[in-house]
>>> print(open('run_2.cif').read())   # mmCIF, C-alpha atoms (C1' of nucleotides)
data_upload
loop_
_atom_site.group_PDB
_atom_site.id
_atom_site.type_symbol
_atom_site.label_atom_id
_atom_site.label_comp_id
_atom_site.auth_asym_id
_atom_site.auth_seq_id
_atom_site.Cartn_x
_atom_site.Cartn_y
_atom_site.Cartn_z
ATOM 1 C CA MET A 1 76.527 90.253 125.509
ATOM 2 C CA PRO A 2 76.084 91.667 122.031
ATOM 3 C CA GLU A 3 79.104 92.740 120.155
ATOM 4 C CA ASN A 4 81.176 95.750 119.511
ATOM 5 C CA MET A 5 79.600 98.862 120.917
ATOM 6 C CA SER A 6 82.807 100.875 120.705
ATOM 7 C CA GLU A 7 81.789 103.224 117.958
ATOM 8 C CA MET A 8 78.237 103.603 119.168
ATOM 9 C CA LEU A 9 79.489 104.614 122.599
ATOM 10 C CA LYS A 10 81.247 107.648 121.233
ATOM 11 C CA GLY A 11 79.586 110.751 122.525
ATOM 12 C CA VAL A 12 77.433 108.572 124.766
ATOM 13 C CA LEU A 13 79.851 107.145 127.309
ATOM 14 C CA GLU A 14 80.877 110.585 128.471
ATOM 15 C CA GLY A 15 77.233 111.515 128.936
ATOM 16 C CA MET A 16 76.646 108.364 130.949
ATOM 17 C CA VAL A 17 79.562 109.141 133.208
ATOM 18 C CA LEU A 18 78.233 112.663 133.692
ATOM 19 C CA GLU A 19 74.835 111.219 134.587
ATOM 20 C CA ILE A 20 76.362 108.871 137.151
ATOM 21 C CA ILE A 21 78.314 111.713 138.728
ATOM 22 C CA GLY A 22 75.161 113.822 138.671
ATOM 23 C CA GLN A 23 73.339 111.175 140.705
ATOM 24 C CA GLY A 24 75.764 111.713 143.582
ATOM 25 C CA GLU A 25 79.416 112.132 144.441
ATOM 26 C CA VAL A 26 81.421 109.126 143.219
ATOM 27 C CA TYR A 27 84.975 108.078 142.489
ATOM 28 C CA GLY A 28 86.365 106.543 139.304
ATOM 29 C CA TYR A 29 86.540 102.916 140.261
ATOM 30 C CA GLU A 30 82.979 103.098 141.517
ATOM 31 C CA ILE A 31 81.873 104.447 138.144
ATOM 32 C CA VAL A 32 83.597 101.546 136.410
ATOM 33 C CA LYS A 33 81.702 99.066 138.578
ATOM 34 C CA LYS A 34 78.435 100.899 138.032
ATOM 35 C CA LEU A 35 78.852 100.737 134.238
ATOM 36 C CA GLN A 36 79.705 97.063 134.446
ATOM 37 C CA GLY A 37 76.580 96.562 136.506
ATOM 38 C CA LEU A 38 74.585 98.195 133.712
ATOM 39 C CA GLY A 39 75.889 95.553 131.315
ATOM 40 C CA PHE A 40 79.031 97.173 129.959
ATOM 41 C CA LYS A 41 81.232 94.361 131.183
ATOM 42 C CA ASP A 42 83.620 94.869 128.311
ATOM 43 C CA ILE A 43 84.427 98.497 129.071
ATOM 44 C CA ALA A 44 88.019 98.612 130.257
ATOM 45 C CA GLU A 45 88.921 100.594 133.333
ATOM 46 C CA GLY A 46 91.337 102.678 131.310
ATOM 47 C CA THR A 47 88.503 103.847 129.084
ATOM 48 C CA VAL A 48 86.536 105.264 131.985
ATOM 49 C CA TYR A 49 89.551 107.010 133.431
ATOM 50 C CA THR A 50 90.341 108.695 130.128
ATOM 51 C CA VAL A 51 86.769 109.953 130.038
ATOM 52 C CA LEU A 52 87.159 111.258 133.578
ATOM 53 C CA THR A 53 90.381 113.003 132.679
ATOM 54 C CA ARG A 54 88.656 114.685 129.747
ATOM 55 C CA ILE A 55 85.730 115.716 131.920
ATOM 56 C CA GLU A 56 88.158 117.143 134.453
ATOM 57 C CA ARG A 57 90.083 119.051 131.787
ATOM 58 C CA GLY A 58 86.789 120.451 130.509
ATOM 59 C CA HIS A 59 86.114 121.851 133.983
ATOM 60 C CA LEU A 60 82.811 120.038 134.329
ATOM 61 C CA VAL A 61 83.490 118.681 137.815
ATOM 62 C CA SER A 62 84.919 119.536 141.172
ATOM 63 C CA ILE A 63 87.225 116.986 142.731
ATOM 64 C CA VAL A 64 88.058 115.914 146.262
ATOM 65 C CA ARG A 65 90.685 113.339 147.225
ATOM 66 C CA ARG A 66 89.977 111.100 150.150
ATOM 67 C CA PRO A 67 91.923 108.124 151.543
ATOM 68 C CA SER A 68 90.499 104.639 151.073
ATOM 69 C CA ALA A 69 90.632 101.812 153.584
ATOM 70 C CA LEU A 70 91.010 99.352 150.710
ATOM 71 C CA GLY A 71 93.706 100.879 148.506
ATOM 72 C CA PRO A 72 95.137 104.081 147.117
ATOM 73 C CA PRO A 73 93.329 107.400 147.685
ATOM 74 C CA ARG A 74 90.145 108.004 145.733
ATOM 75 C CA LYS A 75 89.228 110.942 143.552
ATOM 76 C CA PHE A 76 85.628 111.922 144.211
ATOM 77 C CA TYR A 77 83.789 113.771 141.461
ATOM 78 C CA THR A 78 80.864 116.182 141.694
ATOM 79 C CA LEU A 79 79.259 118.063 138.789
ATOM 80 C CA ASN A 80 79.736 121.807 138.826
ATOM 81 C CA THR A 81 77.483 124.286 137.042
ATOM 82 C CA ARG A 82 79.073 123.681 133.668
ATOM 83 C CA GLY A 83 78.891 119.942 134.200
ATOM 84 C CA LYS A 84 75.180 120.120 134.946
ATOM 85 C CA GLU A 85 74.623 122.179 131.825
ATOM 86 C CA GLU A 86 76.626 119.711 129.767
ATOM 87 C CA LEU A 87 74.600 116.833 131.213
ATOM 88 C CA ARG A 88 71.362 118.553 130.327
ATOM 89 C CA ALA A 89 72.672 119.140 126.796
ATOM 90 C CA PHE A 90 73.646 115.483 126.545
ATOM 91 C CA TRP A 91 70.147 114.286 127.396
ATOM 92 C CA SER A 92 68.723 116.737 124.902
ATOM 93 C CA ARG A 93 70.943 115.344 122.147
ATOM 94 C CA TRP A 94 70.142 111.794 123.173
ATOM 95 C CA GLU A 95 66.384 112.296 123.108
ATOM 96 C CA THR A 96 66.603 114.012 119.747
ATOM 97 C CA LEU A 97 68.648 111.212 118.260
ATOM 98 C CA LYS A 98 66.407 108.527 119.742
ATOM 99 C CA GLN A 99 63.358 110.223 118.299
ATOM 100 C CA ARG A 100 64.815 110.527 114.826
ATOM 101 C CA ILE A 101 65.993 106.957 114.757
ATOM 102 C CA ASP A 102 62.597 105.741 115.882
ATOM 103 C CA ASP A 103 61.075 107.854 113.103
ATOM 104 C CA LEU A 104 63.373 106.221 110.592
ATOM 105 C CA LYS A 105 62.687 102.716 111.815
ATOM 106 C CA CYS A 106 58.945 103.121 111.803
ATOM 107 C CA GLU A 107 58.871 104.479 108.291
ATOM 108 C CA ALA A 108 59.640 101.093 106.846
ATOM 109 C CA MET B 1 68.650 122.639 115.960
ATOM 110 C CA PRO B 2 70.066 121.487 119.229
ATOM 111 C CA GLU B 3 73.589 120.422 119.501
ATOM 112 C CA ASN B 4 76.592 119.089 117.945
ATOM 113 C CA MET B 5 75.590 115.528 117.286
ATOM 114 C CA SER B 6 78.805 114.640 115.520
ATOM 115 C CA GLU B 7 80.248 112.387 118.182
ATOM 116 C CA MET B 8 76.939 110.807 119.065
ATOM 117 C CA LEU B 9 76.392 109.900 115.430
ATOM 118 C CA LYS B 10 79.495 107.742 115.355
ATOM 119 C CA GLY B 11 78.475 104.159 114.860
ATOM 120 C CA VAL B 12 74.901 105.339 114.320
ATOM 121 C CA LEU B 13 74.970 107.196 111.032
ATOM 122 C CA GLU B 14 76.223 104.162 109.164
ATOM 123 C CA GLY B 15 73.432 102.089 110.662
ATOM 124 C CA MET B 16 70.886 104.666 109.619
ATOM 125 C CA VAL B 17 72.183 104.635 106.074
ATOM 126 C CA LEU B 18 72.004 100.845 106.053
ATOM 127 C CA GLU B 19 68.412 101.045 107.281
ATOM 128 C CA ILE B 20 67.474 103.488 104.535
ATOM 129 C CA ILE B 21 69.032 101.270 101.895
ATOM 130 C CA GLY B 22 67.297 98.290 103.467
ATOM 131 C CA GLN B 23 63.938 100.002 102.996
ATOM 132 C CA GLY B 24 64.413 99.982 99.234
ATOM 133 C CA GLU B 25 66.925 100.653 96.502
ATOM 134 C CA VAL B 26 68.180 104.244 96.724
ATOM 135 C CA TYR B 27 70.998 106.447 95.489
ATOM 136 C CA GLY B 28 73.294 108.654 97.530
ATOM 137 C CA TYR B 29 71.742 112.029 96.981
ATOM 138 C CA GLU B 30 68.358 110.585 97.863
ATOM 139 C CA ILE B 31 69.777 109.302 101.157
ATOM 140 C CA VAL B 32 71.140 112.748 101.942
ATOM 141 C CA LYS B 33 67.707 114.280 101.402
ATOM 142 C CA LYS B 34 66.055 111.571 103.465
ATOM 143 C CA LEU B 35 68.370 112.228 106.403
ATOM 144 C CA GLN B 36 67.766 115.951 106.128
ATOM 145 C CA GLY B 37 64.047 115.232 106.157
ATOM 146 C CA LEU B 38 64.546 113.336 109.409
ATOM 147 C CA GLY B 39 65.997 116.461 110.955
ATOM 148 C CA PHE B 40 69.687 116.083 110.219
ATOM 149 C CA LYS B 41 69.825 119.321 108.286
ATOM 150 C CA ASP B 42 73.389 119.870 109.361
ATOM 151 C CA ILE B 43 74.766 116.636 107.888
ATOM 152 C CA ALA B 44 76.911 117.557 104.908
ATOM 153 C CA GLU B 45 76.583 115.651 101.678
ATOM 154 C CA GLY B 46 80.225 114.664 101.835
ATOM 155 C CA THR B 47 79.630 112.886 105.113
ATOM 156 C CA VAL B 48 77.005 110.613 103.641
ATOM 157 C CA TYR B 49 79.104 109.796 100.628
ATOM 158 C CA THR B 50 82.053 108.800 102.779
ATOM 159 C CA VAL B 51 79.744 106.482 104.691
ATOM 160 C CA LEU B 52 78.544 105.010 101.408
ATOM 161 C CA THR B 53 82.101 104.485 100.252
ATOM 162 C CA ARG B 54 82.889 102.632 103.468
ATOM 163 C CA ILE B 55 79.754 100.516 103.148
ATOM 164 C CA GLU B 56 80.725 99.695 99.596
ATOM 165 C CA ARG B 57 84.291 98.759 100.593
ATOM 166 C CA GLY B 58 82.858 96.542 103.318
ATOM 167 C CA HIS B 59 80.894 94.637 100.649
ATOM 168 C CA LEU B 60 77.564 95.274 102.312
ATOM 169 C CA VAL B 61 75.785 96.434 99.156
ATOM 170 C CA SER B 62 75.345 95.766 95.505
ATOM 171 C CA ILE B 63 75.470 98.744 93.200
ATOM 172 C CA VAL B 64 73.851 99.681 89.910
ATOM 173 C CA ARG B 65 74.523 102.851 87.931
ATOM 174 C CA ARG B 66 71.678 104.463 86.116
ATOM 175 C CA PRO B 67 71.468 107.736 84.184
ATOM 176 C CA SER B 68 69.478 110.604 85.635
ATOM 177 C CA ALA B 69 67.342 113.067 83.739
ATOM 178 C CA LEU B 70 68.399 115.794 86.146
ATOM 179 C CA GLY B 71 72.180 115.435 86.363
ATOM 180 C CA PRO B 72 75.056 112.991 86.467
ATOM 181 C CA PRO B 73 74.416 109.243 86.671
ATOM 182 C CA ARG B 74 73.193 107.854 89.987
ATOM 183 C CA LYS B 75 74.634 105.005 92.018
ATOM 184 C CA PHE B 76 71.798 102.870 93.339
ATOM 185 C CA TYR B 77 72.450 100.800 96.437
ATOM 186 C CA THR B 78 70.844 97.558 97.601
ATOM 187 C CA LEU B 79 71.764 95.578 100.721
ATOM 188 C CA ASN B 80 73.298 92.188 100.074
ATOM 189 C CA THR B 81 73.313 89.310 102.560
ATOM 190 C CA ARG B 82 76.183 90.735 104.569
ATOM 191 C CA GLY B 83 74.559 94.144 104.576
ATOM 192 C CA LYS B 84 71.329 92.723 105.937
ATOM 193 C CA GLU B 85 73.229 90.914 108.650
ATOM 194 C CA GLU B 86 75.114 94.080 109.537
ATOM 195 C CA LEU B 87 71.845 96.007 109.683
ATOM 196 C CA ARG B 88 70.350 93.451 112.021
ATOM 197 C CA ALA B 89 73.436 93.670 114.235
ATOM 198 C CA PHE B 90 73.159 97.444 114.246
ATOM 199 C CA TRP B 91 69.603 97.377 115.535
ATOM 200 C CA SER B 92 70.604 94.847 118.163
ATOM 201 C CA ARG B 93 73.372 97.121 119.410
ATOM 202 C CA TRP B 94 71.069 100.112 119.318
ATOM 203 C CA GLU B 95 68.314 98.463 121.330
ATOM 204 C CA THR B 96 70.821 97.226 123.893
ATOM 205 C CA LEU B 97 72.330 100.668 124.288
ATOM 206 C CA LYS B 98 68.942 102.327 124.508
ATOM 207 C CA GLN B 99 67.854 99.915 127.208
ATOM 208 C CA ARG B 100 70.953 100.422 129.305
ATOM 209 C CA ILE B 101 70.786 104.181 129.067
ATOM 210 C CA ASP B 102 67.134 104.125 130.066
ATOM 211 C CA ASP B 103 68.120 101.916 133.012
ATOM 212 C CA LEU B 104 70.749 104.416 134.042
ATOM 213 C CA LYS B 105 68.457 107.392 133.719
ATOM 214 C CA CYS B 106 65.662 105.833 135.708
ATOM 215 C CA GLU B 107 67.923 104.867 138.561
ATOM 216 C CA ALA B 108 68.231 108.438 139.708
ATOM 217 C "C1'" DA C 1 107.344 86.901 149.368
ATOM 218 C "C1'" DC C 2 103.418 86.449 146.448
ATOM 219 C "C1'" DC C 3 98.884 87.233 144.780
ATOM 220 C "C1'" DA C 4 94.464 89.518 144.340
ATOM 221 C "C1'" DC C 5 91.808 93.393 144.681
ATOM 222 C "C1'" DT C 6 91.457 98.302 144.912
ATOM 223 C "C1'" DA C 7 92.544 102.760 142.525
ATOM 224 C "C1'" DC C 8 94.549 105.976 139.338
ATOM 225 C "C1'" DT C 9 97.753 107.564 135.148
ATOM 226 C "C1'" DA C 10 99.697 107.963 130.520
ATOM 227 C "C1'" DT C 11 100.869 106.847 125.629
ATOM 228 C "C1'" DA C 12 99.724 105.243 121.152
ATOM 229 C "C1'" DT C 13 96.395 103.219 118.017
ATOM 230 C "C1'" DT C 14 92.101 103.065 115.362
ATOM 231 C "C1'" DA C 15 87.608 104.228 113.574
ATOM 232 C "C1'" DC C 16 84.335 107.338 112.220
ATOM 233 C "C1'" DG C 17 82.105 111.684 111.167
ATOM 234 C "C1'" DC C 18 83.311 116.234 109.228
ATOM 235 C "C1'" DT C 19 85.460 119.776 106.294
ATOM 236 C "C1'" DA C 20 86.685 121.470 102.112
ATOM 237 C "C1'" DA C 21 87.568 121.424 97.695
ATOM 238 C "C1'" DG C 22 86.749 119.493 93.569
ATOM 239 C "C1'" DT C 23 84.396 117.309 89.085
ATOM 240 C "C1'" DA C 24 80.320 116.990 86.247
ATOM 241 C "C1'" DG C 25 75.534 116.866 83.942
ATOM 242 C "C1'" DC C 26 71.397 119.393 83.063
ATOM 243 C "C1'" DA C 27 67.973 123.402 82.884
ATOM 244 C "C1'" DA C 28 66.572 128.055 83.156
ATOM 245 C "C1'" DT C 29 67.731 132.649 83.387
ATOM 246 C "C1'" DT C 30 70.615 136.745 82.006
ATOM 247 C "C1'" DA D 1 77.063 132.134 75.448
ATOM 248 C "C1'" DA D 2 77.685 132.773 79.968
ATOM 249 C "C1'" DT D 3 76.136 132.555 84.483
ATOM 250 C "C1'" DT D 4 73.492 130.597 88.114
ATOM 251 C "C1'" DG D 5 71.439 126.771 90.548
ATOM 252 C "C1'" DC D 6 70.200 122.266 91.331
ATOM 253 C "C1'" DT D 7 71.456 117.492 90.919
ATOM 254 C "C1'" DA D 8 75.082 113.897 91.853
ATOM 255 C "C1'" DC D 9 79.415 111.818 93.210
ATOM 256 C "C1'" DT D 10 84.697 111.791 94.878
ATOM 257 C "C1'" DT D 11 88.545 112.261 97.911
ATOM 258 C "C1'" DA D 12 92.425 113.915 101.014
ATOM 259 C "C1'" DG D 13 93.117 115.452 105.477
ATOM 260 C "C1'" DC D 14 91.519 116.576 110.197
ATOM 261 C "C1'" DG D 15 89.639 116.200 115.046
ATOM 262 C "C1'" DT D 16 87.749 113.531 118.499
ATOM 263 C "C1'" DA D 17 86.628 109.691 121.391
ATOM 264 C "C1'" DA D 18 86.973 104.859 122.759
ATOM 265 C "C1'" DT D 19 90.462 101.198 123.147
ATOM 266 C "C1'" DA D 20 94.606 98.639 124.160
ATOM 267 C "C1'" DT D 21 98.461 98.375 126.787
ATOM 268 C "C1'" DA D 22 101.488 99.198 130.261
ATOM 269 C "C1'" DG D 23 102.606 101.059 134.460
ATOM 270 C "C1'" DT D 24 102.389 102.861 139.497
ATOM 271 C "C1'" DA D 25 100.657 102.091 144.248
ATOM 272 C "C1'" DG D 26 98.154 100.878 148.598
ATOM 273 C "C1'" DT D 27 95.963 97.124 151.321
ATOM 274 C "C1'" DG D 28 95.137 92.347 153.001
ATOM 275 C "C1'" DG D 29 95.368 87.332 152.930
ATOM 276 C "C1'" DT D 30 98.104 83.006 152.117
#
>>> encode(input="run_2.cif", output="structure tokens")
Amino acid sequence: MPENMSEMLKGVLEGMVLEIIGQGEVYGYEIVKKLQGLGFKDIAEGTVYTVLTRIERGHLVSIVRRPSALGPPRKFYTLNTRGKEELRAFWSRWETLKQRIDDLKCEA
Amino acid sequence: MPENMSEMLKGVLEGMVLEIIGQGEVYGYEIVKKLQGLGFKDIAEGTVYTVLTRIERGHLVSIVRRPSALGPPRKFYTLNTRGKEELRAFWSRWETLKQRIDDLKCEA
DNA sequence: ACCACTACTATATTACGCTAAGTAGCAATT
DNA sequence: AATTGCTACTTAGCGTAATATAGTAGTGGT
């Protein structure tokens, strides 16, 4: 697993979490596992929860608590209107950046 | 131009500057103009110079000063061995991230 | 009782891009 | 000669986001 993504994840991890929530109602721990499944095995749980807290404080999601049969109660997240808008804006930024970087690389 | 790319540029801008230097000896102001030409019109000069300072402190470049006919002397940058290695690592990280994000997006 | 897994919270650190303000050389206009 | 405008580099301080670290709790198996 290649190296230290930390800095490169800034401004991207939050967008990824928004995308995961946008794909269907999920809870935090599930998001952690999903990211690990994508290859981010080194992302600590704490990191994801701080992102979720920020997303919550930014009023991008609605939240429902439900008991779990396997542990403490879960917090389920769903994107609200602002969250969907923010997600759309994230993808727009991402595509723009990707394009410009490709431009740079292929100018060599 | 869309966005506030600031956060998304973290860990990326430095790599882009390394790539530009890797494409041939350049000086700071030239790098600024190159980035603006790529679409980053909103990147302030100061930002690029702080990146260059960091790159210099990290011993990733060799530097030559040469007088300019148009203003103050220029600092020309060339990647050294460590710089080339860092550039390679940057592209590796970038491709990995790009792949994973594409995976996430196409899972919808 | 102890451990492992599930599940969430909170504080402090660190790195990086950004702002803002500055210094300076040169050329052309006023 | 003074002002403007472009070229060219420097630096201190700030805001933000990921990370590390530590902690709280519920459930189930040994």
>>> calpha_fit_and_write(input="run_2.cif", fixed="chain B", moving="chain A", output="CSV table (one decimal) with C-alpha atoms, in the frame of the given file")
chain,number,residue,atom,x,y,z
A,1,MET,CA,67.9,122.2,116.0
A,2,PRO,CA,69.9,121.1,119.0
A,3,GLU,CA,73.6,121.2,118.8
A,4,ASN,CA,76.6,119.1,117.9
A,5,MET,CA,75.6,115.5,117.3
A,6,SER,CA,78.8,114.7,115.6
A,7,GLU,CA,80.3,112.4,118.2
A,8,MET,CA,76.9,110.8,119.1
A,9,LEU,CA,76.4,109.9,115.4
A,10,LYS,CA,79.5,107.7,115.3
A,11,GLY,CA,78.5,104.2,114.8
A,12,VAL,CA,74.9,105.3,114.3
A,13,LEU,CA,74.9,107.2,111.0
A,14,GLU,CA,76.2,104.1,109.2
A,15,GLY,CA,73.4,102.1,110.7
A,16,MET,CA,70.8,104.7,109.6
A,17,VAL,CA,72.1,104.6,106.1
A,18,LEU,CA,72.0,100.8,106.1
A,19,GLU,CA,68.4,101.0,107.3
A,20,ILE,CA,67.4,103.5,104.5
A,21,ILE,CA,69.0,101.3,101.9
A,22,GLY,CA,67.2,98.3,103.4
A,23,GLN,CA,63.9,100.0,103.0
A,24,GLY,CA,64.4,100.0,99.2
A,25,GLU,CA,66.9,100.7,96.5
A,26,VAL,CA,68.2,104.3,96.7
A,27,TYR,CA,71.0,106.5,95.5
A,28,GLY,CA,73.3,108.7,97.6
A,29,TYR,CA,71.8,112.0,97.0
A,30,GLU,CA,68.4,110.6,97.9
A,31,ILE,CA,69.8,109.3,101.2
A,32,VAL,CA,71.1,112.8,102.0
A,33,LYS,CA,67.7,114.3,101.4
A,34,LYS,CA,66.0,111.6,103.5
A,35,LEU,CA,68.4,112.2,106.4
A,36,GLN,CA,67.8,116.0,106.1
A,37,GLY,CA,64.0,115.2,106.2
A,38,LEU,CA,64.5,113.3,109.4
A,39,GLY,CA,66.0,116.5,111.0
A,40,PHE,CA,69.7,116.1,110.2
A,41,LYS,CA,69.8,119.3,108.3
A,42,ASP,CA,73.4,119.9,109.4
A,43,ILE,CA,74.8,116.6,107.9
A,44,ALA,CA,77.0,117.5,105.0
A,45,GLU,CA,76.7,115.7,101.7
A,46,GLY,CA,80.3,114.7,101.9
A,47,THR,CA,79.7,112.9,105.2
A,48,VAL,CA,77.0,110.6,103.7
A,49,TYR,CA,79.1,109.8,100.7
A,50,THR,CA,82.1,108.8,102.9
A,51,VAL,CA,79.7,106.5,104.7
A,52,LEU,CA,78.5,105.0,101.5
A,53,THR,CA,82.1,104.5,100.3
A,54,ARG,CA,82.9,102.6,103.5
A,55,ILE,CA,79.7,100.5,103.2
A,56,GLU,CA,80.7,99.7,99.6
A,57,ARG,CA,84.3,98.8,100.6
A,58,GLY,CA,82.8,96.5,103.3
A,59,HIS,CA,80.9,94.7,100.7
A,60,LEU,CA,77.5,95.3,102.3
A,61,VAL,CA,75.7,96.4,99.2
A,62,SER,CA,75.3,95.8,95.5
A,63,ILE,CA,75.5,98.7,93.2
A,64,VAL,CA,73.9,99.7,89.9
A,65,ARG,CA,74.6,102.9,87.9
A,66,ARG,CA,71.7,104.5,86.1
A,67,PRO,CA,71.5,107.7,84.2
A,68,SER,CA,69.6,110.6,85.7
A,69,ALA,CA,67.4,113.1,83.8
A,70,LEU,CA,68.5,115.8,86.2
A,71,GLY,CA,72.3,115.4,86.4
A,72,PRO,CA,75.1,113.0,86.5
A,73,PRO,CA,74.5,109.3,86.7
A,74,ARG,CA,73.3,107.9,90.0
A,75,LYS,CA,74.6,105.0,92.0
A,76,PHE,CA,71.8,102.9,93.3
A,77,TYR,CA,72.4,100.8,96.4
A,78,THR,CA,70.8,97.6,97.6
A,79,LEU,CA,71.7,95.6,100.7
A,80,ASN,CA,73.3,92.2,100.1
A,81,THR,CA,73.3,89.3,102.5
A,82,ARG,CA,76.1,90.7,104.6
A,83,GLY,CA,74.5,94.1,104.6
A,84,LYS,CA,71.3,92.7,105.9
A,85,GLU,CA,73.2,90.9,108.6
A,86,GLU,CA,75.1,94.1,109.5
A,87,LEU,CA,71.8,96.0,109.7
A,88,ARG,CA,70.3,93.4,112.0
A,89,ALA,CA,73.4,93.6,114.2
A,90,PHE,CA,73.2,97.4,114.2
A,91,TRP,CA,69.6,97.4,115.5
A,92,SER,CA,70.6,94.8,118.1
A,93,ARG,CA,73.4,97.1,119.4
A,94,TRP,CA,71.1,100.1,119.3
A,95,GLU,CA,68.3,98.4,121.3
A,96,THR,CA,70.9,97.2,123.9
A,97,LEU,CA,72.4,100.7,124.3
A,98,LYS,CA,69.0,102.3,124.5
A,99,GLN,CA,67.9,99.9,127.2
A,100,ARG,CA,71.0,100.4,129.3
A,101,ILE,CA,70.9,104.2,129.0
A,102,ASP,CA,67.2,104.1,130.1
A,103,ASP,CA,68.2,101.9,133.0
A,104,LEU,CA,70.8,104.4,134.0
A,105,LYS,CA,68.5,107.4,133.7
A,106,CYS,CA,65.8,105.8,135.7
A,107,GLU,CA,68.0,104.9,138.5
A,108,ALA,CA,68.3,108.4,139.7
>>> interface_residues(input="run_2.cif", of="chain B", to="chain D", cutoff="6 Å", atoms="only C-alpha atoms (C1' of nucleotides)", output="VMD selection string")
chain B and resid 70 to 72
>>> residues_around(input="run_2.cif", residues="Arg88 (chain B)", least_positions_apart="4", cutoff="12 Å", atoms="all atoms listed in the file", output="ChimeraX atom specification")
/A:2-3 /B:15-16,18-19,22,79,81-84,92-95
>>> write_last_selection(input="run_2.cif", atoms="C-alpha atoms", output="PDB file, in the coordinates of the input")
ATOM      1  CA  PRO A   2      76.084  91.667 122.031  1.00  0.00           C
ATOM      2  CA  GLU A   3      79.104  92.740 120.155  1.00  0.00           C
TER       3      GLU A   3
ATOM      4  CA  GLY B  15      73.432 102.089 110.662  1.00  0.00           C
ATOM      5  CA  MET B  16      70.886 104.666 109.619  1.00  0.00           C
ATOM      6  CA  LEU B  18      72.004 100.845 106.053  1.00  0.00           C
ATOM      7  CA  GLU B  19      68.412 101.045 107.281  1.00  0.00           C
ATOM      8  CA  GLY B  22      67.297  98.290 103.467  1.00  0.00           C
ATOM      9  CA  LEU B  79      71.764  95.578 100.721  1.00  0.00           C
ATOM     10  CA  THR B  81      73.313  89.310 102.560  1.00  0.00           C
ATOM     11  CA  ARG B  82      76.183  90.735 104.569  1.00  0.00           C
ATOM     12  CA  GLY B  83      74.559  94.144 104.576  1.00  0.00           C
ATOM     13  CA  LYS B  84      71.329  92.723 105.937  1.00  0.00           C
ATOM     14  CA  SER B  92      70.604  94.847 118.163  1.00  0.00           C
ATOM     15  CA  ARG B  93      73.372  97.121 119.410  1.00  0.00           C
ATOM     16  CA  TRP B  94      71.069 100.112 119.318  1.00  0.00           C
ATOM     17  CA  GLU B  95      68.314  98.463 121.330  1.00  0.00           C
TER      18      GLU B  95
END
>>> closest_residue(input="run_2.cif", among="A:Ile63, A:Met8, A:Ile21, A:Leu38", to="Ile101 (chain B)", atoms="all atoms listed in the file")
A:Leu38
>>> atom_distance(input="run_2.cif", atom1="CA of Lys10 (chain B)", atom2="CA of Val61 (chain A)")
25.3 Å
>>> resolve_selection(input="run_2.cif", expression="the PyMOL selection byres ((chain C) within 6 of (chain B))", output="list in words")
DC16, DG25 and DC26 of chain C
>>> write_last_selection(input="run_2.cif", atoms="C-alpha atoms (C1' of nucleotides)", output="compact mmCIF listing (two decimals), keeping the file's coordinate frame")
# COMPACT_ATOMS: atom_id res chain seq x y z
C1' DC C 16 84.34 107.34 112.22
C1' DG C 25 75.53 116.87 83.94
C1' DC C 26 71.40 119.39 83.06
>>> atom_distance(input="run_2.cif", atom1="CA of Gly24 (chain B)", atom2="CA of Ile55 (chain B)")
15.8 Å
>>> residues_around(input="run_2.cif", residues="Lys33 (chain A)", least_positions_apart="6", cutoff="10 Å", atoms="only C-alpha atoms (C1' of nucleotides)", output="ChimeraX atom specification")
/A:39-41,43,45
>>> write_last_selection(input="run_2.cif", atoms="C-alpha atoms", output="mmCIF file, in the frame of the given file")
data_model
loop_
_atom_site.group_PDB
_atom_site.id
_atom_site.type_symbol
_atom_site.label_atom_id
_atom_site.label_comp_id
_atom_site.auth_asym_id
_atom_site.auth_seq_id
_atom_site.Cartn_x
_atom_site.Cartn_y
_atom_site.Cartn_z
ATOM 1 C CA GLY A 39 75.889 95.553 131.315
ATOM 2 C CA PHE A 40 79.031 97.173 129.959
ATOM 3 C CA LYS A 41 81.232 94.361 131.183
ATOM 4 C CA ILE A 43 84.427 98.497 129.071
ATOM 5 C CA GLU A 45 88.921 100.594 133.333
#
>>> atom_distance(input="run_2.cif", atom1="CA of Arg65 (chain B)", atom2="CA of Val32 (chain B)")
17.5 Å
>>> closest_residue(input="run_2.cif", among="B:Tyr77, B:Lys34, B:Glu56, B:Tyr29", to="chain A", atoms="all atoms listed in the file")
B:Lys34
>>> residues_near_point(input="run_2.cif", point="(67.0, 111.6, 143.1)", cutoff="9 Å", atoms="only C-alpha atoms (C1' of nucleotides)", output="list in words")
Gln23 and Gly24 of chain A; Glu107 and Ala108 of chain B
>>> closest_residue(input="run_2.cif", among="B:Cys106, B:Val26, B:Val64, B:Leu52", to="chain A", atoms="all atoms listed in the file")
B:Cys106
>>> axis_aligned_box(input="run_2.cif", around="region 16-19 of chain C", padding_each_side="5 Å", output="JSON")
{"center_x": 83.8, "center_y": 113.6, "center_z": 109.3, "size_x": 13.4, "size_y": 22.4, "size_z": 15.9}
>>> decode(input="run_2.cif", residues="region 4-15 of chain D", atoms="C-alpha atoms (C1' of nucleotides)", output="compact mmCIF listing (two decimals), in the first residue's frame")
# COMPACT_ATOMS: atom_id res chain seq x y z
C1' DT D 4 3.07 53.51 -12.74
C1' DG D 5 3.42 48.72 -14.03
C1' DC D 6 5.55 44.55 -14.76
C1' DT D 7 9.00 41.33 -13.23
C1' DA D 8 10.87 38.61 -9.23
C1' DC D 9 11.53 36.92 -4.57
C1' DT D 10 10.73 36.78 0.91
C1' DT D 11 8.45 35.95 5.18
C1' DA D 12 5.36 35.99 9.41
C1' DG D 13 1.01 34.56 10.77
C1' DC D 14 -3.48 32.26 9.95
C1' DG D 15 -7.14 28.68 9.00
